[in-house]
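So the structure is just underneath, and the comments pick up after that.
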Amino acid sequence: MEAIAVDWSGDARAARRRIRMASAVPGRLVEVRAGLDRDGVAALLRERAASGPVVAGLDFSFALPAWFAREHGCADVAALWDLVGREGERWLRECRPPFWGRGATPRPPLDPARPPFRVTEEAARADGLAPSSTFQVGGAGAVGTGSLRGMPHLARLRAAGLAVWPFDDAGAATLMEIYPRVHTGPVVKRSPAARREAAGSDPRIPAALLDDVVATEDAFDAAFSALAMAEHLDELGSLRAAPPERPEAIEGALWRPRP
């Protein structure tokens with residue numbers, strides 16, 4: 001089985017320049033690839049799924065908080081993705097609450113009945129990580145734009161036969177949500193020197209790929225995420241869908257290696 005990690009981009013104009021895809025097998029990075037836009041990533045994932053077992057991690061939120069889905073009449077994630085496909089660009093353009101961060105739109109006051117984070121993000125934050133709210137669509141660390149533009153791709157890839165965890169059991173080709181900081185550790189990624197030091201001392205990274213890995217933060221994230229996934233292929237191949245009563249069944253979940 002091949003492990004693929006994709007560092008996604010919300011900005012359509014910058015997607016081809018910023019997106020990086022990396023692939024790995026246990027103990028070795030195989031490829032770091034640039035030049036793909038979001039449609040190109042989706043096409044590549046369909047191609048790899050057709051040629052053999054693959055698991056792919058994408059670094060955007062696969063869904064929105066359960067309360068948001070319920071308020072919009074969505075009983076499952078397929079309905080939510082359909083809604084995002086129809087309304088997502090308008091949400092981004094207007095940036096009305098609960099969305100925030102674009103232009104002068106401030107973060108809405110906290111409403112305990114309508115929390116900004118999914119259960120999986122709250123769990124990550126309790127463990128000292130700092131995932132952003134999917135409702136943040138602008139500003140430093142914003143993940144919302146890429147997520148809203150990624151969810152329709154998930155719907156199409158699922159329709160093409162790829163499993164999307166935790167909404168589906170893992171299959172021959174499985175997509176999952178990743179948070180690269182889990183896999184890179186505390187390295188200061190914005191520093192080219194720090195990226196090179198971390199990657200250059202990792203025996204899993206061939207010398208021929210070192211410059212590609214450290215070229216950008218996006219490449220670094222993709223490479224280390226793919227390597228981490230490749231170390232857990234047995235676990236990834238046996239993942240099961242969240243029970244329907246669990247919030248993850250409609251909100252999705254970050255994949256983090258078992259302790």
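So you can find residues: chains in the structure tokens are A, B, ... in the order shown, residues in each start at 1, and ligands are numbered from 1 in order.
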
- Message: According to DSSP computed on the backbone, where in stretch 62-125 of chain A is there helix (DSSP H, G or I)? Give the residues as a VMD selection string.
- Response: chain A and resid 66 to 71 77 to 94 119 to 125

Only N, CA, C and O atoms, please: the residues just picked out, written as a short mmCIF file (atom, residue, chain, number, x, y, z; two decimals), in the first residue's frame.
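Now in selection_31.cif:
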data_model
loop_
_atom_site.label_atom_id
_atom_site.label_comp_id
_atom_site.auth_asym_id
_atom_site.auth_seq_id
_atom_site.Cartn_x
_atom_site.Cartn_y
_atom_site.Cartn_z
N ALA A 66 -21.40 19.49 13.89
CA ALA A 66 -22.69 18.81 13.75
C ALA A 66 -23.86 19.76 13.88
O ALA A 66 -24.87 19.62 13.17
N TRP A 67 -23.77 20.74 14.77
CA TRP A 67 -24.89 21.67 14.95
C TRP A 67 -25.16 22.44 13.67
O TRP A 67 -26.33 22.72 13.33
N PHE A 68 -24.11 22.78 12.92
CA PHE A 68 -24.28 23.50 11.66
C PHE A 68 -25.00 22.63 10.64
O PHE A 68 -25.91 23.09 9.94
N ALA A 69 -24.59 21.37 10.57
CA ALA A 69 -25.26 20.44 9.65
C ALA A 69 -26.74 20.31 10.01
O ALA A 69 -27.61 20.36 9.13
N ARG A 70 -27.04 20.14 11.30
CA ARG A 70 -28.44 19.99 11.71
C ARG A 70 -29.26 21.24 11.41
O ARG A 70 -30.40 21.15 10.93
N GLU A 71 -28.70 22.42 11.68
CA GLU A 71 -29.43 23.66 11.42
C GLU A 71 -29.75 23.83 9.94
O GLU A 71 -30.70 24.54 9.59
N VAL A 77 -23.27 13.29 6.09
CA VAL A 77 -22.22 14.11 5.48
C VAL A 77 -22.44 14.29 3.99
O VAL A 77 -22.05 15.33 3.41
N ALA A 78 -23.08 13.34 3.33
CA ALA A 78 -23.35 13.50 1.90
C ALA A 78 -24.24 14.72 1.66
O ALA A 78 -24.01 15.49 0.72
N ALA A 79 -25.25 14.89 2.51
CA ALA A 79 -26.12 16.06 2.38
C ALA A 79 -25.35 17.35 2.68
O ALA A 79 -25.56 18.38 2.03
N LEU A 80 -24.45 17.28 3.66
CA LEU A 80 -23.64 18.46 3.98
C LEU A 80 -22.73 18.83 2.82
O LEU A 80 -22.61 20.00 2.45
N TRP A 81 -22.06 17.84 2.24
CA TRP A 81 -21.19 18.13 1.10
C TRP A 81 -21.97 18.71 -0.07
O TRP A 81 -21.49 19.60 -0.77
N ASP A 82 -23.18 18.20 -0.28
CA ASP A 82 -24.01 18.73 -1.35
C ASP A 82 -24.35 20.20 -1.08
O ASP A 82 -24.30 21.05 -1.98
N LEU A 83 -24.68 20.50 0.18
CA LEU A 83 -24.96 21.88 0.56
C LEU A 83 -23.74 22.76 0.34
O LEU A 83 -23.85 23.88 -0.21
N VAL A 84 -22.58 22.30 0.75
CA VAL A 84 -21.35 23.08 0.57
C VAL A 84 -21.09 23.32 -0.92
O VAL A 84 -20.69 24.42 -1.32
N GLY A 85 -21.34 22.31 -1.73
CA GLY A 85 -21.15 22.47 -3.16
C GLY A 85 -22.03 23.55 -3.75
O GLY A 85 -21.64 24.26 -4.69
N ARG A 86 -23.24 23.70 -3.20
CA ARG A 86 -24.18 24.70 -3.71
C ARG A 86 -23.96 26.08 -3.10
O ARG A 86 -24.17 27.10 -3.77
N GLU A 87 -23.58 26.12 -1.83
CA GLU A 87 -23.57 27.38 -1.09
C GLU A 87 -22.18 27.86 -0.65
O GLU A 87 -22.03 29.00 -0.21
N GLY A 88 -21.18 27.01 -0.76
CA GLY A 88 -19.88 27.33 -0.18
C GLY A 88 -19.26 28.60 -0.70
O GLY A 88 -18.73 29.40 0.08
N GLU A 89 -19.31 28.83 -2.00
CA GLU A 89 -18.70 30.04 -2.54
C GLU A 89 -19.42 31.30 -2.05
O GLU A 89 -18.79 32.33 -1.80
N ARG A 90 -20.73 31.20 -1.89
CA ARG A 90 -21.47 32.35 -1.35
C ARG A 90 -21.08 32.60 0.10
O ARG A 90 -20.90 33.75 0.51
N TRP A 91 -20.94 31.53 0.89
CA TRP A 91 -20.50 31.69 2.28
C TRP A 91 -19.14 32.38 2.33
O TRP A 91 -18.92 33.26 3.16
N LEU A 92 -18.25 31.98 1.45
CA LEU A 92 -16.92 32.59 1.43
C LEU A 92 -17.00 34.06 1.02
O LEU A 92 -16.33 34.92 1.61
N ARG A 93 -17.81 34.33 0.04
CA ARG A 93 -17.91 35.70 -0.48
C ARG A 93 -18.53 36.64 0.55
O ARG A 93 -18.05 37.75 0.77
N GLU A 94 -19.60 36.19 1.20
CA GLU A 94 -20.33 37.06 2.14
C GLU A 94 -19.70 37.05 3.53
O GLU A 94 -19.81 38.04 4.26
N VAL A 119 -15.69 18.08 17.41
CA VAL A 119 -15.23 17.26 18.53
C VAL A 119 -13.78 16.85 18.33
O VAL A 119 -12.97 16.89 19.27
N THR A 120 -13.40 16.49 17.13
CA THR A 120 -12.02 16.06 16.87
C THR A 120 -11.03 17.18 17.09
O THR A 120 -9.91 16.96 17.56
N GLU A 121 -11.43 18.42 16.78
CA GLU A 121 -10.54 19.56 17.00
C GLU A 121 -10.43 19.89 18.48
O GLU A 121 -9.34 20.24 18.96
N GLU A 122 -11.53 19.77 19.20
CA GLU A 122 -11.48 19.99 20.64
C GLU A 122 -10.54 18.98 21.30
O GLU A 122 -9.76 19.33 22.21
N ALA A 123 -10.58 17.73 20.84
CA ALA A 123 -9.69 16.72 21.40
C ALA A 123 -8.24 17.04 21.10
O ALA A 123 -7.35 16.88 21.95
N ALA A 124 -7.96 17.51 19.89
CA ALA A 124 -6.59 17.87 19.53
C ALA A 124 -6.11 19.06 20.36
O ALA A 124 -4.96 19.09 20.80
N ARG A 125 -6.98 20.02 20.58
CA ARG A 125 -6.60 21.19 21.37
C ARG A 125 -6.34 20.80 22.83
O ARG A 125 -5.44 21.34 23.47
#

- Would you return as number ranges by chain the members of stretch 118-241 of chain A that DSSP assigns to strand (DSSP E or B) on this structure's backbone? A: 136, 163-164, 173-177

- Near-A:Lys189 list (12 Å; only C-alpha atoms; drop same-chain fewer than 2 positions) as a ChimeraX atom specification: /A:180-181,184-187,191-199,213-221,224

- Closest of A:Pro106, A:Thr134, A:Val188, A:Pro257 to A:Gly146 - atom-to-atom distances counting only C-alpha atoms: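 Looking at the shortest contact to A:Gly146, the residue is A:Thr134.
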
- Item | Contact residues around stretch 204-209 of chain A with only C-alpha atoms at 6 Å, ignoring same-chain residues under 4 positions, as a list of chain:residue names | A:Gly27, A:Arg28, A:Leu29

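In this comparison, which uses only C-alpha atoms, the residue of A:Arg102, A:Arg158, A:Arg20, A:Arg48 approaching A:Gly139 most closely is A:Arg102.
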
Skipping near chain neighbours, those fewer than 4 positions away, what residues fall within 7 Å of A:Arg118 using only C-alpha atoms, listed as a PDB file with C-alpha atoms, in the first residue's frame?
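Full text of part-v6.pdb as output:
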ATOM      1  CA  LEU A  64     -18.360  21.227   9.686  1.00  0.00           C
ATOM      2  CA  PRO A  65     -19.641  21.018  13.273  1.00  0.00           C
ATOM      3  CA  GLU A 122     -11.484  19.990  20.644  1.00  0.00           C
ATOM      4  CA  GLU A 251     -18.287  15.944  11.523  1.00  0.00           C
TER       5      GLU A 251
END

- Item | Proximity to A:Val41 - best of A:Arg16, A:Arg114, A:Arg240, A:Arg190, only C-alpha atoms |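 Of A:Arg16, A:Arg114, A:Arg240, A:Arg190, the one nearest A:Val41 is A:Arg16, counting only C-alpha atoms.
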
- Write out as a PyMOL selection string which residues come within 6 Å of stretch 30-34 of chain A when counting only C-alpha atoms, dropping same-chain ones fewer than 2 positions away. chain A and resi 20-24+36

Just to be explicit: take each residue in the selection above, keep all heavy atoms, and write the result as a PDB file, in the first residue's frame.
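Output file again.pdb follows:
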ATOM      1  N   ARG A  20       1.352  20.708  -2.591  1.00  0.00           N
ATOM      2  CA  ARG A  20       2.391  19.693  -2.698  1.00  0.00           C
ATOM      3  C   ARG A  20       1.789  18.337  -2.365  1.00  0.00           C
ATOM      4  O   ARG A  20       0.958  18.205  -1.452  1.00  0.00           O
ATOM      5  CB  ARG A  20       3.547  19.966  -1.725  1.00  0.00           C
ATOM      6  CG  ARG A  20       4.357  21.199  -2.057  1.00  0.00           C
ATOM      7  CD  ARG A  20       5.128  21.060  -3.364  1.00  0.00           C
ATOM      8  NE  ARG A  20       6.052  22.161  -3.582  1.00  0.00           N
ATOM      9  CZ  ARG A  20       5.706  23.341  -4.109  1.00  0.00           C
ATOM     10  NH1 ARG A  20       4.450  23.562  -4.463  1.00  0.00           N
ATOM     11  NH2 ARG A  20       6.613  24.290  -4.285  1.00  0.00           N
ATOM     12  N   MET A  21       2.199  17.326  -3.099  1.00  0.00           N
ATOM     13  CA  MET A  21       1.798  15.951  -2.862  1.00  0.00           C
ATOM     14  C   MET A  21       3.054  15.145  -2.600  1.00  0.00           C
ATOM     15  O   MET A  21       4.055  15.286  -3.321  1.00  0.00           O
ATOM     16  CB  MET A  21       1.048  15.391  -4.071  1.00  0.00           C
ATOM     17  CG  MET A  21       0.490  13.976  -3.874  1.00  0.00           C
ATOM     18  SD  MET A  21       1.720  12.644  -4.088  1.00  0.00           S
ATOM     19  CE  MET A  21       2.029  12.728  -5.842  1.00  0.00           C
ATOM     20  N   ALA A  22       3.032  14.327  -1.565  1.00  0.00           N
ATOM     21  CA  ALA A  22       4.170  13.459  -1.265  1.00  0.00           C
ATOM     22  C   ALA A  22       3.662  12.031  -1.118  1.00  0.00           C
ATOM     23  O   ALA A  22       2.537  11.802  -0.663  1.00  0.00           O
ATOM     24  CB  ALA A  22       4.869  13.893   0.009  1.00  0.00           C
ATOM     25  N   SER A  23       4.478  11.078  -1.484  1.00  0.00           N
ATOM     26  CA  SER A  23       4.120   9.671  -1.293  1.00  0.00           C
ATOM     27  C   SER A  23       5.273   8.949  -0.620  1.00  0.00           C
ATOM     28  O   SER A  23       6.448   9.326  -0.755  1.00  0.00           O
ATOM     29  CB  SER A  23       3.767   8.997  -2.625  1.00  0.00           C
ATOM     30  OG  SER A  23       4.885   8.969  -3.489  1.00  0.00           O
ATOM     31  N   ALA A  24       4.903   7.907   0.133  1.00  0.00           N
ATOM     32  CA  ALA A  24       5.901   7.163   0.896  1.00  0.00           C
ATOM     33  C   ALA A  24       5.482   5.711   1.028  1.00  0.00           C
ATOM     34  O   ALA A  24       4.296   5.368   0.933  1.00  0.00           O
ATOM     35  CB  ALA A  24       6.075   7.784   2.284  1.00  0.00           C
ATOM     36  N   LEU A  36       0.326  20.766  -9.205  1.00  0.00           N
ATOM     37  CA  LEU A  36      -1.047  20.305  -9.344  1.00  0.00           C
ATOM     38  C   LEU A  36      -2.008  21.331  -8.759  1.00  0.00           C
ATOM     39  O   LEU A  36      -1.737  21.917  -7.708  1.00  0.00           O
ATOM     40  CB  LEU A  36      -1.240  18.976  -8.592  1.00  0.00           C
ATOM     41  CG  LEU A  36      -0.451  17.772  -9.101  1.00  0.00           C
ATOM     42  CD1 LEU A  36      -0.570  16.630  -8.098  1.00  0.00           C
ATOM     43  CD2 LEU A  36      -0.959  17.332 -10.465  1.00  0.00           C
TER      44      LEU A  36
END

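Shortest atom-to-atom contact with A:Thr105 among A:Asp212, A:Phe135, A:Asp59, A:Ala163: A:Phe135, counting only C-alpha atoms.
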
- Which one is closest to A:Ala3: A:Asp39, A:Glu231, A:Glu245, A:Asp169? Count only C-alpha atoms. A:Glu231

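Remark: for A:Arg18, the closest of the candidate residues A:Arg38, A:Pro109, A:Ile4, A:Gly200 is A:Arg38 (distances computed over only C-alpha atoms).
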
- Message: Using Å and a single decimal, report how far atom CA of A:Ala172 sits from atom CA of A:Val143.
- Response: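 Atom CA of A:Val143 sits 28.1 Å away from atom CA of A:Ala172.
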
- Query: Do you know which residues are at most 7 Å from A:Trp8 counting only C-alpha atoms, after dropping those on the same chain fewer than 2 positions away, and could you put them as a ChimeraX atom specification?
  - Reply: /A:6,10,19,58-60,146

- Task: Report the distance between atom CA of A:Leu254 and atom CA of A:Met176 in Å, rounded to one decimal place.
- Result: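 Separation of atom CA of A:Leu254 and atom CA of A:Met176: 7.5 Å.
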